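Listing of my_file19.pdb, PDB, C-alpha atoms and all ligand atoms
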```pdb
ATOM      1  CA  MET A   3     -31.951  32.949   2.409  1.00  0.00           C
ATOM      2  CA  GLN A   4     -28.583  31.373   1.916  1.00  0.00           C
ATOM      3  CA  GLU A   5     -28.286  27.629   2.188  1.00  0.00           C
ATOM      4  CA  THR A   6     -25.987  26.415   4.942  1.00  0.00           C
ATOM      5  CA  LYS A   7     -24.499  23.091   5.934  1.00  0.00           C
ATOM      6  CA  LYS A   8     -22.874  21.805   9.085  1.00  0.00           C
ATOM      7  CA  CYS A   9     -19.294  20.653   8.765  1.00  0.00           C
ATOM      8  CA  ASN A  10     -18.770  17.091  10.028  1.00  0.00           C
ATOM      9  CA  LYS A  11     -15.298  17.915  11.236  1.00  0.00           C
ATOM     10  CA  CYS A  12     -15.267  21.347  12.855  1.00  0.00           C
ATOM     11  CA  GLY A  13     -19.011  21.335  13.507  1.00  0.00           C
ATOM     12  CA  LYS A  14     -19.491  24.876  12.201  1.00  0.00           C
ATOM     13  CA  GLU A  15     -22.613  25.881  10.336  1.00  0.00           C
ATOM     14  CA  LEU A  16     -21.251  27.393   7.131  1.00  0.00           C
ATOM     15  CA  PRO A  17     -22.621  28.737   3.842  1.00  0.00           C
ATOM     16  CA  ILE A  18     -22.956  25.985   1.251  1.00  0.00           C
ATOM     17  CA  ASP A  19     -20.224  27.524  -0.883  1.00  0.00           C
ATOM     18  CA  SER A  20     -17.736  26.829   1.912  1.00  0.00           C
ATOM     19  CA  PHE A  21     -18.039  23.181   0.898  1.00  0.00           C
ATOM     20  CA  TYR A  22     -16.539  21.595  -2.178  1.00  0.00           C
ATOM     21  CA  LYS A  23     -18.983  20.107  -4.597  1.00  0.00           C
ATOM     22  CA  ARG A  24     -19.307  16.370  -4.574  1.00  0.00           C
ATOM     23  CA  ALA A  25     -21.912  14.912  -6.878  1.00  0.00           C
ATOM     24  CA  LEU A  26     -21.979  11.597  -5.022  1.00  0.00           C
ATOM     25  CA  ASN A  27     -23.293  13.182  -1.856  1.00  0.00           C
ATOM     26  CA  LYS A  28     -27.026  13.592  -1.389  1.00  0.00           C
ATOM     27  CA  ASP A  29     -26.889  17.370  -1.312  1.00  0.00           C
ATOM     28  CA  GLY A  30     -24.117  17.567  -3.910  1.00  0.00           C
ATOM     29  CA  HIS A  31     -21.491  18.814  -1.450  1.00  0.00           C
ATOM     30  CA  MET A  32     -18.842  17.272   0.731  1.00  0.00           C
ATOM     31  CA  ASN A  33     -19.540  16.667   4.417  1.00  0.00           C
ATOM     32  CA  ILE A  34     -16.549  18.685   5.581  1.00  0.00           C
ATOM     33  CA  CYS A  35     -15.849  22.318   4.795  1.00  0.00           C
ATOM     34  CA  LYS A  36     -13.090  23.524   2.483  1.00  0.00           C
ATOM     35  CA  ASP A  37     -10.893  24.564   5.407  1.00  0.00           C
ATOM     36  CA  CYS A  38     -11.110  21.160   7.063  1.00  0.00           C
ATOM     37  CA  PHE A  39     -10.651  19.382   3.764  1.00  0.00           C
ATOM     38  CA  ASN A  40      -7.567  21.432   2.961  1.00  0.00           C
ATOM     39  CA  SER A  41      -5.951  20.929   6.353  1.00  0.00           C
ATOM     40  CA  GLN A  42      -6.696  17.209   6.227  1.00  0.00           C
ATOM     41  CA  TYR A  43      -5.185  16.970   2.783  1.00  0.00           C
ATOM     42  CA  THR A  44      -2.108  18.929   3.800  1.00  0.00           C
ATOM     43  CA  ASP A  45      -1.507  16.726   6.850  1.00  0.00           C
ATOM     44  CA  LYS A  46      -1.826  13.637   4.749  1.00  0.00           C
ATOM     45  CA  GLN A  47       0.547  14.969   2.127  1.00  0.00           C
ATOM     46  CA  LYS A  48       3.121  15.795   4.787  1.00  0.00           C
ATOM     47  CA  LYS A  49       2.840  12.332   6.286  1.00  0.00           C
ATOM     48  CA  THR A  50       3.107  10.631   2.918  1.00  0.00           C
ATOM     49  CA  ASN A  51       6.143  12.658   1.978  1.00  0.00           C
ATOM     50  CA  THR A  52       7.916  11.775   5.202  1.00  0.00           C
ATOM     51  CA  GLU A  53       7.196   8.091   4.785  1.00  0.00           C
ATOM     52  CA  LEU A  54       8.205   8.219   1.179  1.00  0.00           C
ATOM     53  CA  ASP A  55      11.490   9.875   2.131  1.00  0.00           C
ATOM     54  CA  LYS A  56      12.135   7.116   4.638  1.00  0.00           C
ATOM     55  CA  MET A  57      11.453   4.426   2.075  1.00  0.00           C
ATOM     56  CA  LEU A  58      13.605   6.073  -0.538  1.00  0.00           C
ATOM     57  CA  ASN A  59      16.424   6.317   1.979  1.00  0.00           C
ATOM     58  CA  VAL A  60      16.107   2.628   2.719  1.00  0.00           C
ATOM     59  CA  ARG A  61      16.298   1.844  -0.970  1.00  0.00           C
ATOM     60  CA  ASN A  62      19.245   4.120  -1.590  1.00  0.00           C
ATOM     61  CA  ASN A  63      21.219   2.869   1.363  1.00  0.00           C
ATOM     62  CA  SER A  64      20.817  -0.848   1.034  1.00  0.00           C
ATOM     63  CA  ASN A  65      19.642  -1.735  -2.494  1.00  0.00           C
ATOM     64  CA  ILE A  66      16.956  -3.834  -0.877  1.00  0.00           C
ATOM     65  CA  LYS A  67      13.421  -3.456  -2.048  1.00  0.00           C
ATOM     66  CA  PRO A  68      11.836  -1.482   0.694  1.00  0.00           C
ATOM     67  CA  ILE A  69       9.035  -3.515   2.122  1.00  0.00           C
ATOM     68  CA  SER A  70       7.499  -1.609   4.880  1.00  0.00           C
ATOM     69  CA  LYS A  71       4.956  -2.488   7.476  1.00  0.00           C
ATOM     70  CA  GLU A  72       3.595   0.977   6.957  1.00  0.00           C
ATOM     71  CA  LEU A  73       2.294  -0.098   3.584  1.00  0.00           C
ATOM     72  CA  SER A  74      -0.275  -2.294   5.266  1.00  0.00           C
ATOM     73  CA  SER A  75      -1.864   0.766   6.773  1.00  0.00           C
ATOM     74  CA  TYR A  76      -2.459   2.252   3.338  1.00  0.00           C
ATOM     75  CA  THR A  77      -5.712   1.953   1.496  1.00  0.00           C
ATOM     76  CA  PRO A  78      -5.383   0.044  -1.790  1.00  0.00           C
ATOM     77  CA  ARG A  79      -5.701   3.305  -3.681  1.00  0.00           C
ATOM     78  CA  GLU A  80      -2.976   5.007  -1.660  1.00  0.00           C
ATOM     79  CA  LEU A  81      -0.819   1.963  -2.144  1.00  0.00           C
ATOM     80  CA  ILE A  82      -1.215   2.173  -5.909  1.00  0.00           C
ATOM     81  CA  GLU A  83      -0.260   5.827  -5.908  1.00  0.00           C
ATOM     82  CA  GLU A  84       2.642   5.157  -3.577  1.00  0.00           C
ATOM     83  CA  LEU A  85       4.022   2.394  -5.744  1.00  0.00           C
ATOM     84  CA  ARG A  86       3.543   4.395  -8.928  1.00  0.00           C
ATOM     85  CA  SER A  87       5.344   7.346  -7.450  1.00  0.00           C
ATOM     86  CA  ARG A  88       8.204   5.007  -6.602  1.00  0.00           C
ATOM     87  CA  GLY A  89       8.399   3.792 -10.163  1.00  0.00           C
ATOM     88  CA  TYR A  90       6.836   0.390  -9.763  1.00  0.00           C
ATOM     89  CA  SER A  91       4.475  -1.011 -12.332  1.00  0.00           C
ATOM     90  CA  GLY A  92       2.869  -4.341 -13.021  1.00  0.00           C
ATOM     91  CA  LYS A  93       0.707  -6.554 -10.895  1.00  0.00           C
ATOM     92  CA  LEU A  94       0.776  -6.762  -7.160  1.00  0.00           C
ATOM     93  CA  GLN A  95      -1.443  -9.125  -5.286  1.00  0.00           C
ATOM     94  CA  ILE A  96      -2.455  -7.874  -1.905  1.00  0.00           C
ATOM     95  CA  THR A  97      -4.509  -9.356   0.830  1.00  0.00           C
ATOM     96  CA  HIS A  98      -6.728  -6.824   2.377  1.00  0.00           C
ATOM     97  CA  THR A  99      -7.947  -7.562   5.838  1.00  0.00           C
ATOM     98  CA  ILE A 100     -10.877  -5.654   7.149  1.00  0.00           C
ATOM     99  CA  THR A 101     -11.717  -5.637  10.812  1.00  0.00           C
ATOM    100  CA  VAL A 102     -15.414  -5.205  11.385  1.00  0.00           C
TER     101      VAL A 102
HETATM  102 ZN    ZN A 201     -14.946  22.378   8.938  1.00  0.00          ZN
END
```

Could you show the structure in this file as structure tokens?
Ligand SMILES: [Zn+2]
Amino acid sequence: MQETKKCNKCGKELPIDSFYKRALNKDGHMNICKDCFNSQYTDKQKKTNTELDKMLNVRNNSNIKPISKELSSYTPRELIEELRSRGYSGKLQITHTITV
């Protein structure tokens, strides 16, 4: 019998090899299927690219360091990647507010 797992996103019961491996998870697989993971990732990429374009435009047009409210909606990790991709390096102190 083939092992199956229910996708947390689309709710479909799928064969275990429809899930990417993730050692951190109890069963060694991600909680969402490959399809959902891929579409999520693609959406995120699209969004990031659009925002990045906007920021780059701001920088090119005005020579002002683009400081965007949108940055506050990023996770620290996304922020790091964002800043790196924009050529920043060094230390940045951020205050992270978590609403519980
Ligand atoms: Zn799914």

With all atoms listed in the file as the counted atoms, please give the residues lying no more than 8 Å from Met32 (chain A), apart from itself and same-chain residues fewer than 2 positions off, as a short mmCIF file (atom, residue, chain, number, x, y, z; two decimals) with C-alpha atoms, keeping the file's coordinate frame.
```
data_model
loop_
_atom_site.label_atom_id
_atom_site.label_comp_id
_atom_site.auth_asym_id
_atom_site.auth_seq_id
_atom_site.Cartn_x
_atom_site.Cartn_y
_atom_site.Cartn_z
CA PHE A 21 -18.04 23.18 0.90
CA TYR A 22 -16.54 21.60 -2.18
CA LYS A 23 -18.98 20.11 -4.60
CA ARG A 24 -19.31 16.37 -4.57
CA ASN A 27 -23.29 13.18 -1.86
CA GLY A 30 -24.12 17.57 -3.91
CA ILE A 34 -16.55 18.68 5.58
CA CYS A 35 -15.85 22.32 4.80
#
```

List all protein, DNA and RNA residues that have at least one atom no more than 8 Å from any atom of ligand ZN 201 (chain A), counting all atoms listed in the file, and write them as JSON, numbers by chain.
{"A": [8, 9, 10, 11, 12, 13, 14, 34, 35, 36, 37, 38, 39]}

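Closest approach to Thr77 (chain A) among A:Thr44, A:Met3, A:Ile100, A:Lys28: A:Ile100, based on only C-alpha atoms.
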
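Atom pair CA of Ile18 (chain A) / CA of Gln47 (chain A) has a distance of 26.0 Å (rounded to one decimal).
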
Reference answer for the PyMOL selection byres (((chain A and resi 84) around 12) and not hetatm), as an mmCIF file with C-alpha atoms, in the frame of the given file:
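Once written, selection-v3.cif looks like this:
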```
data_model
loop_
_atom_site.group_PDB
_atom_site.id
_atom_site.type_symbol
_atom_site.label_atom_id
_atom_site.label_comp_id
_atom_site.auth_asym_id
_atom_site.auth_seq_id
_atom_site.Cartn_x
_atom_site.Cartn_y
_atom_site.Cartn_z
ATOM 1 C CA GLN A 47 0.547 14.969 2.127
ATOM 2 C CA THR A 50 3.107 10.631 2.918
ATOM 3 C CA ASN A 51 6.143 12.658 1.978
ATOM 4 C CA GLU A 53 7.196 8.091 4.785
ATOM 5 C CA LEU A 54 8.205 8.219 1.179
ATOM 6 C CA ASP A 55 11.490 9.875 2.131
ATOM 7 C CA MET A 57 11.453 4.426 2.075
ATOM 8 C CA LEU A 58 13.605 6.073 -0.538
ATOM 9 C CA SER A 70 7.499 -1.609 4.880
ATOM 10 C CA GLU A 72 3.595 0.977 6.957
ATOM 11 C CA LEU A 73 2.294 -0.098 3.584
ATOM 12 C CA SER A 74 -0.275 -2.294 5.266
ATOM 13 C CA TYR A 76 -2.459 2.252 3.338
ATOM 14 C CA THR A 77 -5.712 1.953 1.496
ATOM 15 C CA PRO A 78 -5.383 0.044 -1.790
ATOM 16 C CA ARG A 79 -5.701 3.305 -3.681
ATOM 17 C CA GLU A 80 -2.976 5.007 -1.660
ATOM 18 C CA LEU A 81 -0.819 1.963 -2.144
ATOM 19 C CA ILE A 82 -1.215 2.173 -5.909
ATOM 20 C CA GLU A 83 -0.260 5.827 -5.908
ATOM 21 C CA LEU A 85 4.022 2.394 -5.744
ATOM 22 C CA ARG A 86 3.543 4.395 -8.928
ATOM 23 C CA SER A 87 5.344 7.346 -7.450
ATOM 24 C CA ARG A 88 8.204 5.007 -6.602
ATOM 25 C CA GLY A 89 8.399 3.792 -10.163
ATOM 26 C CA TYR A 90 6.836 0.390 -9.763
ATOM 27 C CA SER A 91 4.475 -1.011 -12.332
#
```

Interatomic distance between CA of Lys56 (chain A) and CA of Tyr43 (chain A)?
20.0 Å

If you measure from CA of Lys93 (chain A) to CA of Lys48 (chain A), what distance in Å do you get, rounded to one decimal?
27.4 Å

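Taking only C-alpha atoms, the non-local environment of Lys7 (chain A) within 8 Å (same-chain residues fewer than 6 positions away omitted) comprises Glu15, Leu16, Pro17 and Ile18 of chain A.
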
Around all of region 33-45 of chain A's listed atoms, make the axis-aligned box with 8 Å on each side and tell me centre and edge lengths in Å to one decimal, as lines of an AutoDock Vina configuration file.
```
center_x = -10.5
center_y = 20.6
center_z = 4.8
size_x = 34.0
size_y = 23.9
size_z = 20.6
```

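The nearest approach to His31 (chain A) among the residues A:Lys49, A:Gly92, A:His98, A:Glu5, with only C-alpha atoms taken into account, belongs to A:Glu5.
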